[in-house]
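This is data_20.cif (mmCIF, C-alpha atoms).
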data_data
#
loop_
_atom_site.group_PDB
_atom_site.id
_atom_site.type_symbol
_atom_site.label_atom_id
_atom_site.label_comp_id
_atom_site.auth_asym_id
_atom_site.auth_seq_id
_atom_site.Cartn_x
_atom_site.Cartn_y
_atom_site.Cartn_z
ATOM 1 C CA MET A 177 123.919 43.250 121.522
ATOM 2 C CA LEU A 178 121.741 46.240 120.739
ATOM 3 C CA THR A 179 118.415 45.017 119.330
ATOM 4 C CA THR A 180 115.779 47.150 117.647
ATOM 5 C CA PHE A 181 112.167 46.317 118.508
ATOM 6 C CA LYS A 182 109.452 47.706 116.257
ATOM 7 C CA ALA A 183 105.724 48.331 116.404
ATOM 8 C CA SER A 184 103.011 50.319 114.702
ATOM 9 C CA ALA A 185 99.663 51.786 115.707
ATOM 10 C CA LYS A 186 96.920 52.678 113.257
ATOM 11 C CA LYS A 187 93.796 54.652 114.080
ATOM 12 C CA LEU A 188 90.665 52.786 112.987
ATOM 13 C CA PRO A 189 87.594 54.574 111.595
ATOM 14 C CA GLU A 190 85.586 53.679 114.728
ATOM 15 C CA GLY A 191 85.752 56.335 117.464
ATOM 16 C CA LEU A 192 89.125 56.300 119.205
ATOM 17 C CA GLN A 193 89.971 52.675 118.395
ATOM 18 C CA VAL A 194 93.555 51.906 117.449
ATOM 19 C CA ASN A 195 94.921 48.653 116.122
ATOM 20 C CA CYS A 196 98.520 48.216 117.230
ATOM 21 C CA GLY A 197 100.957 45.433 116.745
ATOM 22 C CA THR A 198 104.327 44.065 115.859
ATOM 23 C CA ARG A 199 105.472 41.055 113.855
ATOM 24 C CA LYS A 200 102.511 38.619 113.683
ATOM 25 C CA PHE A 201 100.802 39.989 116.808
ATOM 26 C CA SER A 202 98.247 42.734 117.266
ATOM 27 C CA PHE A 203 95.668 43.990 119.727
ATOM 28 C CA LEU A 204 93.058 46.700 119.881
ATOM 29 C CA LEU A 205 93.243 49.692 122.199
ATOM 30 C CA ASP A 206 90.410 52.141 122.835
ATOM 31 C CA GLU A 207 89.156 54.389 125.614
ATOM 32 C CA PRO A 208 86.230 53.828 127.963
ATOM 33 C CA GLU A 209 83.107 55.833 127.201
ATOM 34 C CA GLU A 210 83.804 58.370 129.954
ATOM 35 C CA LEU A 211 87.062 59.249 128.175
ATOM 36 C CA GLY A 212 85.418 59.551 124.772
ATOM 37 C CA GLY A 213 85.870 56.053 123.389
ATOM 38 C CA THR A 214 83.660 53.063 122.611
ATOM 39 C CA ASP A 215 85.277 50.739 125.186
ATOM 40 C CA ALA A 216 86.256 48.081 122.652
ATOM 41 C CA GLY A 217 89.602 47.499 124.357
ATOM 42 C CA MET A 218 91.711 48.600 127.288
ATOM 43 C CA ASN A 219 93.336 51.998 126.976
ATOM 44 C CA PRO A 220 97.038 52.733 126.406
ATOM 45 C CA VAL A 221 97.875 53.523 130.028
ATOM 46 C CA GLU A 222 96.235 50.280 131.138
ATOM 47 C CA ALA A 223 98.335 48.507 128.492
ATOM 48 C CA VAL A 224 101.446 50.062 130.024
ATOM 49 C CA LEU A 225 100.484 48.638 133.431
ATOM 50 C CA CYS A 226 99.952 45.238 131.778
ATOM 51 C CA ALA A 227 103.343 45.386 130.078
ATOM 52 C CA PHE A 228 105.070 46.310 133.337
ATOM 53 C CA GLY A 229 103.394 43.466 135.238
ATOM 54 C CA ALA A 230 104.134 40.985 132.462
ATOM 55 C CA CYS A 231 107.749 42.087 132.260
ATOM 56 C CA GLN A 232 108.238 41.477 135.981
ATOM 57 C CA SER A 233 106.524 38.078 135.675
ATOM 58 C CA ILE A 234 108.826 37.096 132.814
ATOM 59 C CA VAL A 235 111.901 38.162 134.779
ATOM 60 C CA ALA A 236 110.604 36.032 137.673
ATOM 61 C CA ALA A 237 110.175 32.962 135.476
ATOM 62 C CA ALA A 238 113.448 33.417 133.627
ATOM 63 C CA PHE A 239 115.656 33.993 136.693
ATOM 64 C CA ALA A 240 114.058 31.935 139.485
ATOM 65 C CA GLN A 241 116.382 28.996 139.120
ATOM 66 C CA ALA A 242 119.551 31.087 138.896
ATOM 67 C CA GLN A 243 118.439 33.089 141.953
ATOM 68 C CA ASP A 244 117.550 29.890 143.872
ATOM 69 C CA PHE A 245 113.973 31.031 144.413
ATOM 70 C CA HIS A 246 111.212 28.516 143.846
ATOM 71 C CA PHE A 247 107.556 29.261 143.244
ATOM 72 C CA GLU A 248 104.574 27.498 141.736
ATOM 73 C CA GLU A 249 102.765 30.643 140.622
ATOM 74 C CA VAL A 250 103.429 34.341 140.327
ATOM 75 C CA HIS A 251 101.150 37.216 139.480
ATOM 76 C CA VAL A 252 101.487 40.975 139.750
ATOM 77 C CA GLU A 253 98.683 43.401 140.541
ATOM 78 C CA LEU A 254 99.210 47.004 139.493
ATOM 79 C CA GLU A 255 97.505 50.346 139.800
ATOM 80 C CA GLY A 256 98.458 53.795 138.647
ATOM 81 C CA ASP A 257 97.063 57.252 139.404
ATOM 82 C CA LEU A 258 96.479 59.550 136.467
ATOM 83 C CA ASP A 259 94.449 62.734 136.172
ATOM 84 C CA PRO A 260 92.798 62.874 132.712
ATOM 85 C CA ASP A 261 92.286 66.622 133.240
ATOM 86 C CA GLY A 262 96.000 66.930 132.446
ATOM 87 C CA PHE A 263 95.873 65.948 128.781
ATOM 88 C CA MET A 264 92.408 67.482 128.452
ATOM 89 C CA GLY A 265 94.079 70.799 129.319
ATOM 90 C CA LEU A 266 91.712 71.334 132.263
ATOM 91 C CA ALA A 267 94.288 71.173 135.056
ATOM 92 C CA ASP A 268 97.972 71.918 135.442
ATOM 93 C CA VAL A 269 99.012 68.351 136.230
ATOM 94 C CA ARG A 270 101.218 65.938 134.331
ATOM 95 C CA ASN A 271 99.579 63.957 131.514
ATOM 96 C CA GLY A 272 100.906 60.576 132.564
ATOM 97 C CA PHE A 273 100.876 58.466 135.703
ATOM 98 C CA GLN A 274 101.722 60.308 138.880
ATOM 99 C CA GLU A 275 102.576 57.039 140.593
ATOM 100 C CA ILE A 276 102.388 53.296 139.885
ATOM 101 C CA ARG A 277 101.985 50.814 142.763
ATOM 102 C CA TYR A 278 102.304 47.073 142.384
ATOM 103 C CA LYS A 279 102.005 43.969 144.529
ATOM 104 C CA VAL A 280 103.771 40.714 143.749
ATOM 105 C CA HIS A 281 101.976 37.478 144.670
ATOM 106 C CA PHE A 282 103.804 34.172 144.878
ATOM 107 C CA LYS A 283 102.486 30.690 145.529
ATOM 108 C CA THR A 284 105.634 29.479 147.227
ATOM 109 C CA GLN A 285 107.131 27.641 150.207
ATOM 110 C CA GLU A 286 109.961 30.191 150.454
ATOM 111 C CA SER A 287 110.263 32.607 153.374
ATOM 112 C CA GLN A 288 108.839 36.134 153.305
ATOM 113 C CA GLU A 289 112.381 37.486 153.400
ATOM 114 C CA LYS A 290 113.431 35.499 150.324
ATOM 115 C CA ALA A 291 110.207 36.435 148.526
ATOM 116 C CA GLU A 292 110.843 40.130 149.141
ATOM 117 C CA ALA A 293 114.442 39.850 148.005
ATOM 118 C CA PHE A 294 113.369 38.094 144.804
ATOM 119 C CA ALA A 295 110.649 40.700 144.141
ATOM 120 C CA ALA A 296 113.332 43.379 144.477
ATOM 121 C CA PHE A 297 115.471 41.446 141.985
ATOM 122 C CA MET A 298 112.506 41.306 139.569
ATOM 123 C CA ALA A 299 111.993 45.064 139.797
ATOM 124 C CA ALA A 300 115.670 45.824 139.347
ATOM 125 C CA HIS A 301 115.984 43.658 136.219
ATOM 126 C CA CYS A 302 112.734 44.504 134.456
ATOM 127 C CA PRO A 303 113.247 46.359 131.161
ATOM 128 C CA VAL A 304 109.793 47.988 131.234
ATOM 129 C CA GLY A 305 110.348 49.043 134.845
ATOM 130 C CA ASP A 306 113.633 50.649 133.843
ATOM 131 C CA CYS A 307 111.901 52.561 131.035
ATOM 132 C CA LEU A 308 109.200 53.822 133.391
ATOM 133 C CA GLU A 309 111.391 54.590 136.366
ATOM 134 C CA ASN A 310 114.286 56.207 134.552
ATOM 135 C CA GLY A 311 112.656 57.573 131.413
ATOM 136 C CA VAL A 312 113.560 57.069 127.764
ATOM 137 C CA LYS A 313 114.717 59.513 125.120
ATOM 138 C CA LEU A 314 111.827 59.894 122.638
ATOM 139 C CA ILE A 315 112.704 61.105 119.162
ATOM 140 C CA ASN A 316 110.281 62.195 116.467
ATOM 141 C CA ALA A 317 112.024 60.772 113.417
ATOM 142 C CA GLY A 318 109.626 62.252 110.903
ATOM 143 C CA VAL A 319 106.152 63.439 109.974
ATOM 144 C CA VAL A 320 105.008 61.960 106.682
ATOM 145 C CA ARG A 321 102.030 63.191 104.643
ATOM 146 C CA GLU A 322 100.482 60.642 102.321
ATOM 147 C CA MET B 119 90.122 64.259 138.861
ATOM 148 C CA LEU B 120 92.701 61.704 139.876
ATOM 149 C CA THR B 121 91.702 58.322 138.450
ATOM 150 C CA THR B 122 93.207 54.977 139.395
ATOM 151 C CA PHE B 123 93.745 52.542 136.523
ATOM 152 C CA LYS B 124 94.354 48.898 137.391
ATOM 153 C CA ALA B 125 95.763 45.814 135.727
ATOM 154 C CA SER B 126 97.141 42.395 136.563
ATOM 155 C CA ALA B 127 99.602 39.999 134.979
ATOM 156 C CA LYS B 128 99.702 36.277 135.679
ATOM 157 C CA LYS B 129 102.450 33.912 134.625
ATOM 158 C CA LEU B 130 101.034 30.928 132.732
ATOM 159 C CA PRO B 131 102.477 27.417 133.074
ATOM 160 C CA GLU B 132 103.767 27.536 129.469
ATOM 161 C CA GLY B 133 107.339 28.856 129.185
ATOM 162 C CA LEU B 134 107.463 32.612 129.728
ATOM 163 C CA GLN B 135 103.856 33.292 128.709
ATOM 164 C CA VAL B 136 101.954 35.857 130.758
ATOM 165 C CA ASN B 137 98.263 36.646 130.574
ATOM 166 C CA CYS B 138 97.674 40.273 131.428
ATOM 167 C CA GLY B 139 94.573 42.370 131.485
ATOM 168 C CA THR B 140 92.233 44.838 133.057
ATOM 169 C CA ARG B 141 88.452 45.040 133.336
ATOM 170 C CA LYS B 142 87.014 42.772 130.613
ATOM 171 C CA PHE B 143 90.124 42.886 128.400
ATOM 172 C CA SER B 144 93.208 40.706 128.276
ATOM 173 C CA PHE B 145 96.070 39.769 126.006
ATOM 174 C CA LEU B 146 98.975 37.366 126.056
ATOM 175 C CA LEU B 147 102.598 38.435 126.222
ATOM 176 C CA ASP B 148 105.579 36.152 125.693
ATOM 177 C CA GLU B 149 109.154 36.347 124.441
ATOM 178 C CA PRO B 150 110.526 35.260 121.077
ATOM 179 C CA GLU B 151 112.501 32.019 121.066
ATOM 180 C CA GLU B 152 115.852 33.820 120.976
ATOM 181 C CA LEU B 153 114.951 35.454 124.305
ATOM 182 C CA GLY B 154 113.837 32.178 125.905
ATOM 183 C CA GLY B 155 110.098 32.220 125.130
ATOM 184 C CA THR B 156 107.733 30.289 122.897
ATOM 185 C CA ASP B 157 106.749 33.324 120.756
ATOM 186 C CA ALA B 158 103.032 33.068 121.487
ATOM 187 C CA GLY B 159 102.675 36.842 121.751
ATOM 188 C CA MET B 160 104.615 40.061 121.465
ATOM 189 C CA ASN B 161 106.943 40.842 124.355
ATOM 190 C CA PRO B 162 106.442 43.527 127.023
ATOM 191 C CA VAL B 163 108.762 46.105 125.477
ATOM 192 C CA GLU B 164 106.994 45.718 122.126
ATOM 193 C CA ALA B 165 103.705 46.225 123.999
ATOM 194 C CA VAL B 166 105.099 49.476 125.410
ATOM 195 C CA LEU B 167 105.869 50.693 121.880
ATOM 196 C CA CYS B 168 102.312 49.738 120.851
ATOM 197 C CA ALA B 169 100.815 51.606 123.799
ATOM 198 C CA PHE B 170 102.873 54.714 123.008
ATOM 199 C CA GLY B 171 101.843 54.685 119.340
ATOM 200 C CA ALA B 172 98.195 54.062 120.211
ATOM 201 C CA CYS B 173 98.216 56.828 122.795
ATOM 202 C CA GLN B 174 99.510 59.337 120.233
ATOM 203 C CA SER B 175 96.906 58.131 117.722
ATOM 204 C CA ILE B 176 94.116 58.604 120.264
ATOM 205 C CA VAL B 177 95.326 62.106 121.105
ATOM 206 C CA ALA B 178 95.320 62.856 117.372
ATOM 207 C CA ALA B 179 91.737 61.654 116.935
ATOM 208 C CA ALA B 180 90.469 63.308 120.093
ATOM 209 C CA PHE B 181 92.015 66.740 119.492
ATOM 210 C CA ALA B 182 92.084 67.168 115.696
ATOM 211 C CA GLN B 183 88.931 69.247 115.526
ATOM 212 C CA ALA B 184 89.853 71.523 118.445
ATOM 213 C CA GLN B 185 93.316 72.025 116.915
ATOM 214 C CA ASP B 186 91.860 72.701 113.455
ATOM 215 C CA PHE B 187 93.866 69.893 111.891
ATOM 216 C CA HIS B 188 92.100 67.580 109.475
ATOM 217 C CA PHE B 189 93.225 64.116 108.429
ATOM 218 C CA GLU B 190 91.635 61.030 106.931
ATOM 219 C CA GLU B 191 94.075 58.547 108.470
ATOM 220 C CA VAL B 192 96.865 58.515 111.007
ATOM 221 C CA HIS B 193 99.316 55.837 111.974
ATOM 222 C CA VAL B 194 102.495 55.830 114.011
ATOM 223 C CA GLU B 195 105.529 53.653 113.382
ATOM 224 C CA LEU B 196 107.880 53.113 116.302
ATOM 225 C CA GLU B 197 111.183 51.481 117.050
ATOM 226 C CA GLY B 198 113.273 51.243 120.179
ATOM 227 C CA ASP B 199 116.815 50.099 120.835
ATOM 228 C CA LEU B 200 117.376 47.755 123.760
ATOM 229 C CA ASP B 201 120.323 45.562 124.646
ATOM 230 C CA PRO B 202 119.038 42.287 126.171
ATOM 231 C CA ASP B 203 122.519 41.714 127.616
ATOM 232 C CA GLY B 204 121.542 44.332 130.221
ATOM 233 C CA PHE B 205 118.898 42.357 132.045
ATOM 234 C CA MET B 206 120.772 39.114 131.344
ATOM 235 C CA GLY B 207 123.600 40.599 133.422
ATOM 236 C CA LEU B 208 126.059 40.174 130.545
ATOM 237 C CA ALA B 209 126.787 43.854 129.907
ATOM 238 C CA ASP B 210 126.804 47.040 131.945
ATOM 239 C CA VAL B 211 124.006 48.743 130.007
ATOM 240 C CA ARG B 212 120.542 49.816 131.077
ATOM 241 C CA ASN B 213 117.816 47.147 131.027
ATOM 242 C CA GLY B 214 115.245 49.213 129.174
ATOM 243 C CA PHE B 215 115.104 51.113 125.909
ATOM 244 C CA GLN B 216 118.076 53.347 125.233
ATOM 245 C CA GLU B 217 116.034 55.365 122.745
ATOM 246 C CA ILE B 218 112.613 55.246 121.081
ATOM 247 C CA ARG B 219 112.107 56.755 117.618
ATOM 248 C CA TYR B 220 108.733 57.251 116.001
ATOM 249 C CA LYS B 221 107.310 58.515 112.719
ATOM 250 C CA VAL B 222 103.818 59.938 112.377
ATOM 251 C CA HIS B 223 101.989 59.316 109.093
ATOM 252 C CA PHE B 224 98.943 61.330 108.077
ATOM 253 C CA LYS B 225 96.682 60.986 105.085
ATOM 254 C CA THR B 226 95.844 64.662 104.884
ATOM 255 C CA GLN B 227 95.535 67.727 102.675
ATOM 256 C CA GLU B 228 97.139 69.922 105.354
ATOM 257 C CA SER B 229 100.589 71.500 104.873
ATOM 258 C CA GLN B 230 103.776 69.867 106.116
ATOM 259 C CA GLU B 231 104.172 72.712 108.594
ATOM 260 C CA LYS B 232 100.724 72.143 110.092
ATOM 261 C CA ALA B 233 101.287 68.377 110.151
ATOM 262 C CA GLU B 234 104.534 68.810 112.072
ATOM 263 C CA ALA B 235 102.926 71.214 114.524
ATOM 264 C CA PHE B 236 100.080 68.780 115.142
ATOM 265 C CA ALA B 237 102.500 65.871 115.611
ATOM 266 C CA ALA B 238 104.309 67.978 118.216
ATOM 267 C CA PHE B 239 100.950 68.614 119.923
ATOM 268 C CA MET B 240 100.264 64.853 119.942
ATOM 269 C CA ALA B 241 103.610 64.117 121.570
ATOM 270 C CA ALA B 242 103.191 66.854 124.161
ATOM 271 C CA HIS B 243 99.721 65.659 125.226
ATOM 272 C CA CYS B 244 100.253 61.906 125.191
ATOM 273 C CA PRO B 245 100.004 60.318 128.668
ATOM 274 C CA VAL B 246 102.151 57.308 127.731
ATOM 275 C CA GLY B 247 104.748 59.615 126.185
ATOM 276 C CA ASP B 248 104.858 61.620 129.413
ATOM 277 C CA CYS B 249 105.405 58.421 131.435
ATOM 278 C CA LEU B 250 108.232 57.319 129.165
ATOM 279 C CA GLU B 251 109.920 60.671 128.715
ATOM 280 C CA ASN B 252 109.691 61.914 132.293
ATOM 281 C CA GLY B 253 109.576 58.694 134.286
ATOM 282 C CA VAL B 254 107.107 57.517 136.912
ATOM 283 C CA LYS B 255 107.546 56.760 140.590
ATOM 284 C CA LEU B 256 107.228 52.965 140.981
ATOM 285 C CA ILE B 257 106.254 51.671 144.403
ATOM 286 C CA ASN B 258 106.324 48.059 145.547
ATOM 287 C CA ALA B 259 103.197 48.002 147.698
ATOM 288 C CA GLY B 260 103.658 44.470 148.959
ATOM 289 C CA VAL B 261 104.940 40.950 148.437
ATOM 290 C CA VAL B 262 102.282 38.372 149.257
ATOM 291 C CA ARG B 263 102.910 34.648 149.768
ATOM 292 C CA GLU B 264 99.940 32.380 149.138
#

Please lay out the structure from this file as structure tokens.
Amino acid sequence: MLTTFKASAKKLPEGLQVNCGTRKFSFLLDEPEELGGTDAGMNPVEAVLCAFGACQSIVAAAFAQAQDFHFEEVHVELEGDLDPDGFMGLADVRNGFQEIRYKVHFKTQESQEKAEAFAAFMAAHCPVGDCLENGVKLINAGVVRE
Amino acid sequence: MLTTFKASAKKLPEGLQVNCGTRKFSFLLDEPEELGGTDAGMNPVEAVLCAFGACQSIVAAAFAQAQDFHFEEVHVELEGDLDPDGFMGLADVRNGFQEIRYKVHFKTQESQEKAEAFAAFMAAHCPVGDCLENGVKLINAGVVRE
């Protein structure tokens, strides 16, 4: 059933800090000093990496039993290459990540072959991975002056 | 200059909870009870909406002066449609967002026309928006058993 998830992001008076959240949850995003911020939180592209790693971890936990794959621990390490000169208008490169690489770590007694097959399952079923790999239609639904 | 941003996500023992972070920052993601979690944090797709809204807000703050657009406050509201039956394997739909809609709110004395032009600038220069709209190459760089 189609479900609508919501969120909001509000610029704070301090530097580039933004408070963002949904429902009863919120967190602060900022930029490091070298990108003009006050380094009070991770930045949005780091948050995207976090969300992608968490999404894969949740898929792992939710589907392990059904996929007959057993592990004691799972964690995902991620890195993404981005050239800030893009959005600064200093270079003709894309604004976002040019590539995201990730490694999946299991504490498990399963074979390497089964671990790789389950990691492929995680990637193929991860909603955030689908958004990043295949893109999403973004629609500006309004600009409101207050 | 190409910069590599990093993050990690580690499944916690509790339900579907995942601690994710980078550098000195971390936050907890989870799923609501209806999606199998314990609702101790927002979920990864909500975090993606947050990151997209925050990224636009940061672009707004960073480029307002250079774009000759003046505002006292900015916030972005976002919503995205996703069918959880996709990753549950219950329906032949994509796993990720089918569409993301957002509204940009300014407290400003500028005209509606200038506000809309600046919102378009924000969208066009937002790194997270670029990732979502145009997709990113995702590379599994390894599966490690420990």

Sphere at (103.4, 38.3, 126.7), radius 9 Å, counting all atoms listed in the file: residues as a PyMOL selection string: (chain A and resi 227+230-231+234) or (chain B and resi 134-138+145-149+157-162+165)

What would you get as a CSV table (one decimal) with C-alpha atoms, keeping the file's coordinate frame if chain B were moved onto chain A by least squares over all of its C-alpha atoms in order?
chain,number,residue,atom,x,y,z
B,119,MET,CA,123.9,43.2,121.5
B,120,LEU,CA,121.7,46.2,120.7
B,121,THR,CA,118.4,45.0,119.3
B,122,THR,CA,115.8,47.2,117.6
B,123,PHE,CA,112.2,46.3,118.5
B,124,LYS,CA,109.5,47.7,116.3
B,125,ALA,CA,105.7,48.3,116.4
B,126,SER,CA,103.0,50.3,114.7
B,127,ALA,CA,99.7,51.8,115.7
B,128,LYS,CA,96.9,52.7,113.3
B,129,LYS,CA,93.8,54.7,114.1
B,130,LEU,CA,90.7,52.8,113.0
B,131,PRO,CA,87.6,54.6,111.6
B,132,GLU,CA,85.6,53.7,114.7
B,133,GLY,CA,85.7,56.3,117.4
B,134,LEU,CA,89.1,56.3,119.2
B,135,GLN,CA,90.0,52.7,118.4
B,136,VAL,CA,93.6,51.9,117.5
B,137,ASN,CA,94.9,48.7,116.1
B,138,CYS,CA,98.5,48.2,117.2
B,139,GLY,CA,101.0,45.4,116.7
B,140,THR,CA,104.3,44.1,115.8
B,141,ARG,CA,105.5,41.0,113.8
B,142,LYS,CA,102.5,38.6,113.7
B,143,PHE,CA,100.8,40.0,116.8
B,144,SER,CA,98.2,42.7,117.3
B,145,PHE,CA,95.7,44.0,119.7
B,146,LEU,CA,93.1,46.7,119.9
B,147,LEU,CA,93.2,49.7,122.2
B,148,ASP,CA,90.4,52.1,122.8
B,149,GLU,CA,89.1,54.4,125.6
B,150,PRO,CA,86.2,53.8,128.0
B,151,GLU,CA,83.1,55.8,127.2
B,152,GLU,CA,83.8,58.4,130.0
B,153,LEU,CA,87.1,59.2,128.2
B,154,GLY,CA,85.4,59.6,124.8
B,155,GLY,CA,85.9,56.0,123.4
B,156,THR,CA,83.6,53.1,122.6
B,157,ASP,CA,85.3,50.7,125.2
B,158,ALA,CA,86.3,48.1,122.7
B,159,GLY,CA,89.6,47.5,124.4
B,160,MET,CA,91.7,48.6,127.3
B,161,ASN,CA,93.3,52.0,127.0
B,162,PRO,CA,97.0,52.7,126.4
B,163,VAL,CA,97.9,53.5,130.0
B,164,GLU,CA,96.2,50.3,131.1
B,165,ALA,CA,98.3,48.5,128.5
B,166,VAL,CA,101.4,50.1,130.0
B,167,LEU,CA,100.5,48.6,133.4
B,168,CYS,CA,100.0,45.2,131.8
B,169,ALA,CA,103.3,45.4,130.1
B,170,PHE,CA,105.1,46.3,133.3
B,171,GLY,CA,103.4,43.5,135.2
B,172,ALA,CA,104.1,41.0,132.5
B,173,CYS,CA,107.7,42.1,132.3
B,174,GLN,CA,108.2,41.5,136.0
B,175,SER,CA,106.5,38.1,135.7
B,176,ILE,CA,108.8,37.1,132.8
B,177,VAL,CA,111.9,38.2,134.8
B,178,ALA,CA,110.6,36.0,137.7
B,179,ALA,CA,110.2,33.0,135.5
B,180,ALA,CA,113.5,33.4,133.6
B,181,PHE,CA,115.7,34.0,136.7
B,182,ALA,CA,114.1,31.9,139.5
B,183,GLN,CA,116.4,29.0,139.1
B,184,ALA,CA,119.6,31.1,138.9
B,185,GLN,CA,118.4,33.1,141.9
B,186,ASP,CA,117.6,29.9,143.9
B,187,PHE,CA,114.0,31.0,144.4
B,188,HIS,CA,111.2,28.5,143.9
B,189,PHE,CA,107.6,29.3,143.2
B,190,GLU,CA,104.6,27.5,141.7
B,191,GLU,CA,102.8,30.6,140.6
B,192,VAL,CA,103.4,34.3,140.3
B,193,HIS,CA,101.1,37.2,139.5
B,194,VAL,CA,101.5,41.0,139.7
B,195,GLU,CA,98.7,43.4,140.5
B,196,LEU,CA,99.2,47.0,139.5
B,197,GLU,CA,97.5,50.3,139.8
B,198,GLY,CA,98.4,53.8,138.7
B,199,ASP,CA,97.1,57.2,139.4
B,200,LEU,CA,96.5,59.6,136.5
B,201,ASP,CA,94.5,62.7,136.2
B,202,PRO,CA,92.8,62.9,132.7
B,203,ASP,CA,92.3,66.6,133.2
B,204,GLY,CA,96.0,66.9,132.4
B,205,PHE,CA,95.9,66.0,128.8
B,206,MET,CA,92.4,67.5,128.4
B,207,GLY,CA,94.1,70.8,129.3
B,208,LEU,CA,91.7,71.3,132.3
B,209,ALA,CA,94.3,71.2,135.1
B,210,ASP,CA,98.0,71.9,135.4
B,211,VAL,CA,99.0,68.4,136.2
B,212,ARG,CA,101.2,65.9,134.3
B,213,ASN,CA,99.6,64.0,131.5
B,214,GLY,CA,100.9,60.6,132.6
B,215,PHE,CA,100.9,58.5,135.7
B,216,GLN,CA,101.7,60.3,138.9
B,217,GLU,CA,102.6,57.0,140.6
B,218,ILE,CA,102.4,53.3,139.9
B,219,ARG,CA,102.0,50.8,142.8
B,220,TYR,CA,102.3,47.1,142.4
B,221,LYS,CA,102.0,44.0,144.5
B,222,VAL,CA,103.8,40.7,143.7
B,223,HIS,CA,102.0,37.5,144.7
B,224,PHE,CA,103.8,34.2,144.9
B,225,LYS,CA,102.5,30.7,145.5
B,226,THR,CA,105.6,29.5,147.2
B,227,GLN,CA,107.1,27.7,150.2
B,228,GLU,CA,110.0,30.2,150.4
B,229,SER,CA,110.3,32.6,153.4
B,230,GLN,CA,108.8,36.1,153.3
B,231,GLU,CA,112.4,37.5,153.4
B,232,LYS,CA,113.4,35.5,150.3
B,233,ALA,CA,110.2,36.4,148.5
B,234,GLU,CA,110.8,40.1,149.1
B,235,ALA,CA,114.4,39.8,148.0
B,236,PHE,CA,113.4,38.1,144.8
B,237,ALA,CA,110.6,40.7,144.1
B,238,ALA,CA,113.3,43.4,144.5
B,239,PHE,CA,115.5,41.4,142.0
B,240,MET,CA,112.5,41.3,139.6
B,241,ALA,CA,112.0,45.1,139.8
B,242,ALA,CA,115.7,45.8,139.3
B,243,HIS,CA,116.0,43.6,136.2
B,244,CYS,CA,112.7,44.5,134.5
B,245,PRO,CA,113.2,46.4,131.2
B,246,VAL,CA,109.8,48.0,131.2
B,247,GLY,CA,110.3,49.0,134.9
B,248,ASP,CA,113.6,50.7,133.9
B,249,CYS,CA,111.9,52.6,131.0
B,250,LEU,CA,109.2,53.8,133.4
B,251,GLU,CA,111.4,54.6,136.4
B,252,ASN,CA,114.3,56.2,134.6
B,253,GLY,CA,112.7,57.6,131.4
B,254,VAL,CA,113.6,57.1,127.8
B,255,LYS,CA,114.7,59.5,125.1
B,256,LEU,CA,111.8,59.9,122.7
B,257,ILE,CA,112.7,61.1,119.2
B,258,ASN,CA,110.3,62.2,116.5
B,259,ALA,CA,112.0,60.8,113.4
B,260,GLY,CA,109.6,62.3,110.9
B,261,VAL,CA,106.2,63.4,110.0
B,262,VAL,CA,105.0,62.0,106.7
B,263,ARG,CA,102.0,63.2,104.6
B,264,GLU,CA,100.5,60.6,102.3

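For the file at hand, the PyMOL selection byres ((chain B and resi 124-126) around 7) resolves to Glu222, Leu225, Cys226, Gly229, Val252, Glu253, Leu254, Glu255 and Gly256 of chain A; Thr122, Phe123, Ala127, Lys128, Cys138, Gly139 and Thr140 of chain B.
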
Using all atoms listed in the file, what does the table of region 187-298 of chain A residues within 12 Å of region 209-221 of chain B look like, with each row giving the shortest atom pair and its distance in Å to one decimal, sorted by chain and ascending number, as JSON lines?
{"residue": "A:Phe228", "atom": "CA", "partner": "B:Gly214", "partner_atom": "CA", "distance": 11.4}
{"residue": "A:Cys231", "atom": "CA", "partner": "B:Gly214", "partner_atom": "CA", "distance": 10.8}
{"residue": "A:Val235", "atom": "CA", "partner": "B:Asn213", "partner_atom": "CA", "distance": 11.4}
{"residue": "A:Met298", "atom": "CA", "partner": "B:Asn213", "partner_atom": "CA", "distance": 11.6}

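The closest residue to chain B, picked from A:Ala240, A:Ala299, A:Glu248, A:His281 and counting only C-alpha atoms, is A:His281.
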
Selection result for the PyMOL selection byres ((chain A and resi 306) around 12) on this file, as a ChimeraX atom specification: /A:228,231-232,298-305,307-312 /B:163,200,204-205,211-216,249-251,253-256

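CA of Ala238 (chain A) is positioned 18.7 Å from CA of Val261 (chain B).
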
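With all atoms listed in the file as the atoms that count, the residue of A:Pro189, A:Val280, A:Leu178, A:Ala293 with the shortest distance to Asp199 (chain B) is A:Leu178.
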
Residue among A:Glu209, A:Leu266, A:Ser233, A:Glu289 lying closest to chain B, counting all atoms listed in the file: A:Ser233
